Amino acid sequence: MPKLQDILLLVGQLNYTWTNTESLLIYLIAGLAGVDKETAIIIFLTLNTPRARIDLVERLAKMRKTPAACRSEILEVTRQLSKEASLRNKFNHCIYSFDPESGRGITQLMRIFEGKDDIKYGKVESLDDLEVEKIKKSVSSLAEINKTIWAIARKYDFPTS
């Protein structure tokens with residue numbers, strides 16, 4: 001079983017990699033909207049969720065003026081980023097518990113699930129080696145997405161400075 005410190009270090013790495021990669025959406029916004037980097041930063045920071053930022057990039061990419069190849073590349077990279085968002089959200093919106101005797105860890109999701117006649121909250125999941133591998137894989141995927149966004153920005157000469 002993974003130890004608490006190891007899990008927290010991995011979740012920290014996941015958050016750092018996510019934040020670093022998400023911030024590159026600034027360059028896609030700048031290029032697609034035809035604005036300078038400073039304006040793109042203001043737009044990025046005004047949108048207060050990753051979903052809103054990704055939606056904006058996707059909508060800009062879908063505009064008729066965006067070349068088809070560019071559109072395709074951007075929509076693929078935003079699809080990949082959205083996929084990674086779910087794991088990041090899971091580990092950012094949960095409570096961690098570790099049994100001091102067994103070392104067994106669990107996560108309890110801080111989300112409400114409403115059914116027609118009932119309500120559930122706090123889905124509990126084991127924090128095992130499989131979950132650790134998911135985090136490591138996500139960090140690796142985010143690093144590749146990061147490289148892809150940089151490549152797109154350079155390829156289409158989007159403002160980066």
# chains A, B, ... in the order shown; residues from 1 in each chain; ligands from 1

call {"tool": "select_by_dssp", "arguments": {"residues": "chain A", "states": "alpha helix (DSSP H)", "output": "ChimeraX atom specification"}}
result
/A:4-22,25-33,37-46,50-61,68-92,129-155

call {"tool": "select_by_dssp", "arguments": {"residues": "chain A", "states": "strand (DSSP E or B)", "output": "ChimeraX atom specification"}}
result
/A:94-98,105-109,112-114,119-121,124-127

call {"tool": "write_last_selection", "arguments": {"atoms": "C-alpha atoms", "output": "compact mmCIF listing (two decimals), in the first residue's frame"}}
result
# COMPACT_ATOMS: atom_id res chain seq x y z
CA CYS A 94 -11.65 14.35 -1.94
CA ILE A 95 -10.68 13.65 1.62
CA TYR A 96 -7.79 11.26 2.19
CA SER A 97 -7.86 8.72 5.01
CA PHE A 98 -5.12 6.34 6.03
CA GLY A 105 -5.60 4.44 2.23
CA ILE A 106 -8.94 5.57 0.89
CA THR A 107 -10.37 8.61 -0.82
CA GLN A 108 -13.81 9.95 -0.08
CA LEU A 109 -15.15 12.10 -2.88
CA ILE A 112 -23.32 14.86 -4.01
CA PHE A 113 -25.06 12.35 -6.26
CA GLU A 114 -28.81 12.85 -6.42
CA ILE A 119 -29.16 11.32 -2.20
CA LYS A 120 -25.67 9.91 -1.88
CA TYR A 121 -22.42 11.61 -1.06
CA VAL A 124 -15.29 5.91 -0.97
CA GLU A 125 -12.55 4.30 -3.05
CA SER A 126 -9.42 2.41 -2.16
CA LEU A 127 -6.15 4.25 -2.59

call {"tool": "closest_residue", "arguments": {"among": "A:Ser102, A:Thr21, A:Thr39, A:Asn48", "to": "Leu81 of chain A", "atoms": "only C-alpha atoms"}}
result
A:Thr21

call {"tool": "atom_distance", "arguments": {"atom1": "atom CA of Glu131 of chain A", "atom2": "atom CA of Glu84 of chain A"}}
result
13.8 Å

call {"tool": "residues_around", "arguments": {"residues": "Ser23 of chain A", "least_positions_apart": "6", "cutoff": "10 Å", "atoms": "only C-alpha atoms", "output": "list in words"}}
result
Ile41, Phe44, Leu45, Pro50, Arg53 and Asn146 of chain A

call {"tool": "residues_around", "arguments": {"residues": "Asn20 of chain A", "least_positions_apart": "5", "cutoff": "10 Å", "atoms": "only C-alpha atoms", "output": "NGL selection string"}}
result
:A and (14-15 or 25 or 142-143 or 146)

call {"tool": "closest_residue", "arguments": {"among": "A:Gln13, A:Ala33, A:Arg88, A:Trp18", "to": "Glu144 of chain A", "atoms": "only C-alpha atoms"}}
result
A:Trp18

call {"tool": "closest_residue", "arguments": {"among": "A:Gly115, A:Gly122, A:Pro100, A:Gly31", "to": "Thr66 of chain A", "atoms": "only C-alpha atoms"}}
result
A:Gly31

call {"tool": "closest_residue", "arguments": {"among": "A:Leu56, A:Val11, A:Leu24, A:Leu75", "to": "Ala151 of chain A", "atoms": "only C-alpha atoms"}}
result
A:Leu24

call {"tool": "residues_around", "arguments": {"residues": "Glu76 of chain A", "least_positions_apart": "5", "cutoff": "12 Å", "atoms": "only C-alpha atoms", "output": "PyMOL selection string"}}
result
chain A and resi 54+57-58+61+69-71+81-83+145+148-149+152

call {"tool": "residues_around", "arguments": {"residues": "Asp36 of chain A", "least_positions_apart": "6", "cutoff": "9 Å", "atoms": "only C-alpha atoms", "output": "list of chain:residue names"}}
result
A:Tyr27, A:Ala30, A:Phe158, A:Pro159, A:Thr160, A:Ser161

call {"tool": "closest_residue", "arguments": {"among": "A:Lys136, A:Ala68, A:Gly34, A:Asp55", "to": "Asp157 of chain A", "atoms": "only C-alpha atoms"}}
result
A:Gly34
